[in-house]
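The block underneath contains the structure these notes are about, expressed in structure tokens.
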Amino acid sequence: MFLKLVIIFVSTLSLWATDVSVTLFTPSQTERAITLSAIGKVESTKQTSVIAKSSGILHLAVANNSFVIKGSIIATLSSEKRDKKLQFLQEKLLLQKGEADSFREKLKRSQEKYKMGVGSKNSYINDKIALMQLSEVLQSTKNEYAILQLAKKNATILAKKSATILQLAAENSFIKYGGKIATLLDENNHVKLFVAGDYASQIQRGMEVTLQSSYKNSFAKVINIVPKTSQNLMEVIVKPEQSLPLNLQVNATIQLKKVKGLLIPKEAIVLVQNHPAVYLIDDKNIAHVAFVEIQKDMVDKALIKNTLPKNAKIALKNTYMLHDNLQVSIK
């Protein structure tokens with residue numbers, strides 16, 4: 001790729017130039033990373049729905065997009081009907097327990113009289129049956145009371161983990177048992193990048209990524225490539241080394257590979273027959289055109305494939321005035 005290179009066409013007058021002054025340099029081999037730019041957004045790795053295990057009118061204790069700590073209160077569900085029923089059952093339990101205790105004493109006396117022979121067996125059996133029936137009614141009331149107590153306990157909704165909370169149901173809305181109250185976004189997050197589908201074969205898991213944003217700059221690694229593309233864009237999922245705020249917009253640079261080559265100034269490169277080239281100057285100060293392959297384009301330099309002769313001397317100044325086999329002077 002050869003971007004931002006000034007296309008210089010050699011004029012017909014330069015073909016007859018005989019006194020062109022140039023400076024020379026000899027490039028050395030270096031290594032540079034071939035990179036790809038992309039944009040993306042921070043997303044949560046896991047979403048958890050907060051489901052009501054009770055019913056009632058919703059009263060929120062937190063706001064949308066706020067961060068909640070594990071165990072903290074998210075909301076409560078109030079129910080006047082449930083509270084009145086609990087109060088009624090509590091009073092009913094006291095009465096039934098008192099009645100059962102009285103029958104238990106009565107049965108004890110009936111049993112003692114029966115053993116002493118001063119009481120009838122039928123009276124003892126009737127008291128025993130009556131106590132069993134009262135005990136069953138008492139247990140039924142206890143079960144009903146326990147169920148409502150559990151519902152009241154579940155009416156306080158707690159955060160099961162530390163996370164960002166979203167999609168809260170409306171304040172004072174009625175929530176049924178099993179209804180969704182909110183969504184928890186895990187504090188562990190990843191970044192979804194959108195990359196041109198043409199690069200699908202060049203991106204692999206484990207590649208290093210640099211993330212830049214208004215929040216902070218950080219490093220990341222590619223953990224997944226989504227094969228599906230939309231509008232010729234594919235999704236690349238990267239894991240940042242540091243936690244980033246959800247929905248943060250980022251600019252990313254993906255390091256595709258490292259290549260070795262010769263790093264030369266762009267002003268040394270010209271277009272000859274619509275191909276990038278440089279001019280090599282031999283020991284007799286004669287210019288010779290040499291076509292090059294650009295591997296990485298930078299601001300004022302370019303990394304070219306190392307196909308030039310060892311210790312090649314490249315013309316740097318006035319290259320637009322040169323042509324093949326031209327005699328030059330060296331500054």
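Starting from 1 in every chain, residues are counted up; chains themselves are A, B, ... following the order of the structure tokens, and ligands are numbered from 1 as listed.
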Check: Per DSSP on the backbone, what are the helix (DSSP H, G or I) residues of range 146-311 of chain A, as a list in words?
Finding: Ala146, Ile147, Leu148, Gln149, Leu150, Ala151, Lys152, Lys153, Asn154, Gly197, Asp198, Tyr199, Ala200, Ser201, Gln202, Lys266, Glu267 and Ala268 of chain A
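Residue nearest Glu241 in chain A within the list A:Ala33, A:Leu322, A:Ala155, A:Val209: A:Val209 [criterion: smallest interatomic distance, only C-alpha atoms].
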Can you tell me which residues surround His190 in chain A at a distance of at most 9 Å, considering only C-alpha atoms, apart from same-chain residues fewer than 6 positions away, and format the answer as a PDB file with C-alpha atoms, in the first residue's frame?
ATOM      1  CA  LYS A  41     -17.312   0.156  21.693  1.00  0.00           C
ATOM      2  CA  VAL A  42     -16.904  -1.300  25.185  1.00  0.00           C
ATOM      3  CA  GLU A  43     -19.513  -3.949  25.976  1.00  0.00           C
ATOM      4  CA  SER A  44     -20.252  -6.262  28.895  1.00  0.00           C
ATOM      5  CA  THR A  45     -19.120  -9.876  28.658  1.00  0.00           C
ATOM      6  CA  ILE A 237     -13.685  -9.003  20.066  1.00  0.00           C
ATOM      7  CA  VAL A 238     -10.699  -7.896  22.150  1.00  0.00           C
ATOM      8  CA  LYS A 239     -10.055  -8.171  25.905  1.00  0.00           C
ATOM      9  CA  PRO A 240      -8.550  -5.016  27.478  1.00  0.00           C
ATOM     10  CA  SER A 243     -11.487  -2.306  32.946  1.00  0.00           C
ATOM     11  CA  LEU A 244     -13.123   0.376  30.781  1.00  0.00           C
ATOM     12  CA  LEU A 246     -19.390   0.446  29.329  1.00  0.00           C
TER      13      LEU A 246
END
Margin query: I need the strand (DSSP E or B) residues of range 111-196 of chain A per DSSP on the backbone, written as a list in words.
Written below: Thr156, Ile157, Leu158, Ala163, Thr164, Ile165, Leu166, Phe174, Ile175, Lys180, Ile181, Ala182, Thr183, Leu184, Leu185, Asp186, Asn189, His190, Val191, Lys192, Leu193, Phe194, Val195 and Ala196 of chain A
Could you save those same residues with N, CA and C atoms as a PDB file, in the first residue's frame?
ATOM      1  N   THR A 156     -37.666  -7.567  48.757  1.00  0.00           N
ATOM      2  CA  THR A 156     -36.457  -6.733  48.772  1.00  0.00           C
ATOM      3  C   THR A 156     -35.475  -7.342  47.784  1.00  0.00           C
ATOM      4  N   ILE A 157     -35.232  -6.651  46.704  1.00  0.00           N
ATOM      5  CA  ILE A 157     -34.385  -7.188  45.624  1.00  0.00           C
ATOM      6  C   ILE A 157     -32.949  -6.723  45.844  1.00  0.00           C
ATOM      7  N   LEU A 158     -32.039  -7.691  45.963  1.00  0.00           N
ATOM      8  CA  LEU A 158     -30.632  -7.396  46.197  1.00  0.00           C
ATOM      9  C   LEU A 158     -29.801  -7.703  44.955  1.00  0.00           C
ATOM     10  N   ALA A 163     -22.109  -4.837  39.629  1.00  0.00           N
ATOM     11  CA  ALA A 163     -22.319  -4.663  38.187  1.00  0.00           C
ATOM     12  C   ALA A 163     -22.964  -3.317  37.913  1.00  0.00           C
ATOM     13  N   THR A 164     -23.040  -2.987  36.636  1.00  0.00           N
ATOM     14  CA  THR A 164     -23.780  -1.803  36.190  1.00  0.00           C
ATOM     15  C   THR A 164     -25.217  -2.214  35.902  1.00  0.00           C
ATOM     16  N   ILE A 165     -26.173  -1.428  36.389  1.00  0.00           N
ATOM     17  CA  ILE A 165     -27.579  -1.785  36.241  1.00  0.00           C
ATOM     18  C   ILE A 165     -28.230  -0.940  35.153  1.00  0.00           C
ATOM     19  N   LEU A 166     -28.989  -1.618  34.296  1.00  0.00           N
ATOM     20  CA  LEU A 166     -29.659  -0.966  33.166  1.00  0.00           C
ATOM     21  C   LEU A 166     -31.091  -1.477  33.055  1.00  0.00           C
ATOM     22  N   PHE A 174     -46.540  -2.010  38.656  1.00  0.00           N
ATOM     23  CA  PHE A 174     -46.848  -3.278  39.318  1.00  0.00           C
ATOM     24  C   PHE A 174     -46.051  -4.393  38.652  1.00  0.00           C
ATOM     25  N   ILE A 175     -45.318  -5.129  39.465  1.00  0.00           N
ATOM     26  CA  ILE A 175     -44.483  -6.220  38.964  1.00  0.00           C
ATOM     27  C   ILE A 175     -45.072  -7.549  39.423  1.00  0.00           C
ATOM     28  N   LYS A 180     -39.508  -9.152  34.901  1.00  0.00           N
ATOM     29  CA  LYS A 180     -38.149  -8.605  34.843  1.00  0.00           C
ATOM     30  C   LYS A 180     -38.113  -7.206  35.445  1.00  0.00           C
ATOM     31  N   ILE A 181     -37.138  -6.981  36.329  1.00  0.00           N
ATOM     32  CA  ILE A 181     -36.996  -5.677  36.982  1.00  0.00           C
ATOM     33  C   ILE A 181     -35.865  -4.863  36.362  1.00  0.00           C
ATOM     34  N   ALA A 182     -34.755  -5.523  35.994  1.00  0.00           N
ATOM     35  CA  ALA A 182     -33.594  -4.791  35.472  1.00  0.00           C
ATOM     36  C   ALA A 182     -32.633  -5.768  34.815  1.00  0.00           C
ATOM     37  N   THR A 183     -31.549  -5.213  34.281  1.00  0.00           N
ATOM     38  CA  THR A 183     -30.459  -6.003  33.708  1.00  0.00           C
ATOM     39  C   THR A 183     -29.157  -5.596  34.377  1.00  0.00           C
ATOM     40  N   LEU A 184     -28.370  -6.590  34.781  1.00  0.00           N
ATOM     41  CA  LEU A 184     -27.055  -6.337  35.363  1.00  0.00           C
ATOM     42  C   LEU A 184     -25.988  -6.638  34.324  1.00  0.00           C
ATOM     43  N   LEU A 185     -25.095  -5.678  34.107  1.00  0.00           N
ATOM     44  CA  LEU A 185     -23.990  -5.862  33.176  1.00  0.00           C
ATOM     45  C   LEU A 185     -22.721  -6.123  33.974  1.00  0.00           C
ATOM     46  N   ASP A 186     -22.113  -7.266  33.714  1.00  0.00           N
ATOM     47  CA  ASP A 186     -20.911  -7.671  34.440  1.00  0.00           C
ATOM     48  C   ASP A 186     -19.824  -6.613  34.313  1.00  0.00           C
ATOM     49  N   ASN A 189     -15.468  -6.592  31.091  1.00  0.00           N
ATOM     50  CA  ASN A 189     -15.978  -6.196  29.791  1.00  0.00           C
ATOM     51  C   ASN A 189     -14.998  -6.506  28.677  1.00  0.00           C
ATOM     52  N   HIS A 190     -15.501  -6.399  27.466  1.00  0.00           N
ATOM     53  CA  HIS A 190     -14.645  -6.542  26.290  1.00  0.00           C
ATOM     54  C   HIS A 190     -14.964  -5.407  25.327  1.00  0.00           C
ATOM     55  N   VAL A 191     -14.176  -5.318  24.286  1.00  0.00           N
ATOM     56  CA  VAL A 191     -14.370  -4.264  23.287  1.00  0.00           C
ATOM     57  C   VAL A 191     -14.711  -4.936  21.960  1.00  0.00           C
ATOM     58  N   LYS A 192     -15.796  -4.477  21.360  1.00  0.00           N
ATOM     59  CA  LYS A 192     -16.190  -4.982  20.045  1.00  0.00           C
ATOM     60  C   LYS A 192     -15.698  -3.994  18.995  1.00  0.00           C
ATOM     61  N   LEU A 193     -14.812  -4.472  18.119  1.00  0.00           N
ATOM     62  CA  LEU A 193     -14.276  -3.641  17.045  1.00  0.00           C
ATOM     63  C   LEU A 193     -14.949  -3.998  15.726  1.00  0.00           C
ATOM     64  N   PHE A 194     -15.071  -3.002  14.855  1.00  0.00           N
ATOM     65  CA  PHE A 194     -15.653  -3.215  13.537  1.00  0.00           C
ATOM     66  C   PHE A 194     -14.552  -3.014  12.492  1.00  0.00           C
ATOM     67  N   VAL A 195     -14.264  -4.104  11.781  1.00  0.00           N
ATOM     68  CA  VAL A 195     -13.124  -4.130  10.858  1.00  0.00           C
ATOM     69  C   VAL A 195     -13.611  -4.513   9.467  1.00  0.00           C
ATOM     70  N   ALA A 196     -12.995  -3.918   8.452  1.00  0.00           N
ATOM     71  CA  ALA A 196     -13.338  -4.255   7.064  1.00  0.00           C
ATOM     72  C   ALA A 196     -13.160  -5.755   6.836  1.00  0.00           C
TER      73      ALA A 196
END
Next item on the list: May I have the residues within 9 Å of Ile125 in chain A as a list in words, using only C-alpha atoms and disregarding those fewer than 5 positions away in the same chain?
Entry: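 Returned residues: Leu107, Ser110, Gln111, Ser120 and Ala130 of chain A.
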Keeping only all heavy atoms, write those residues as a short mmCIF file (atom, residue, chain, number, x, y, z; two decimals), in the first residue's frame.
data_model
loop_
_atom_site.label_atom_id
_atom_site.label_comp_id
_atom_site.auth_asym_id
_atom_site.auth_seq_id
_atom_site.Cartn_x
_atom_site.Cartn_y
_atom_site.Cartn_z
N LEU A 107 -56.17 -32.87 76.89
CA LEU A 107 -55.86 -34.25 76.54
C LEU A 107 -55.01 -34.90 77.63
O LEU A 107 -55.19 -36.09 77.96
CB LEU A 107 -55.13 -34.31 75.19
CG LEU A 107 -54.67 -35.68 74.74
CD1 LEU A 107 -55.87 -36.62 74.53
CD2 LEU A 107 -53.85 -35.58 73.44
N SER A 110 -57.33 -35.86 80.36
CA SER A 110 -58.16 -37.00 79.95
C SER A 110 -57.37 -38.29 80.01
O SER A 110 -57.89 -39.34 80.42
CB SER A 110 -58.71 -36.80 78.54
OG SER A 110 -59.57 -35.69 78.47
N GLN A 111 -56.11 -38.20 79.60
CA GLN A 111 -55.25 -39.38 79.62
C GLN A 111 -54.99 -39.84 81.06
O GLN A 111 -55.02 -41.05 81.36
CB GLN A 111 -53.93 -39.07 78.91
CG GLN A 111 -53.03 -40.28 78.74
CD GLN A 111 -51.75 -39.91 78.01
OE1 GLN A 111 -51.34 -38.76 78.00
NE2 GLN A 111 -51.13 -40.90 77.39
N SER A 120 -63.51 -41.95 80.89
CA SER A 120 -63.85 -42.91 79.84
C SER A 120 -62.80 -42.88 78.70
O SER A 120 -62.14 -41.87 78.46
CB SER A 120 -65.23 -42.60 79.27
OG SER A 120 -65.20 -41.38 78.55
N ALA A 130 -59.46 -34.38 68.45
CA ALA A 130 -59.66 -32.93 68.35
C ALA A 130 -58.32 -32.19 68.32
O ALA A 130 -58.14 -31.22 67.56
CB ALA A 130 -60.50 -32.46 69.53
#
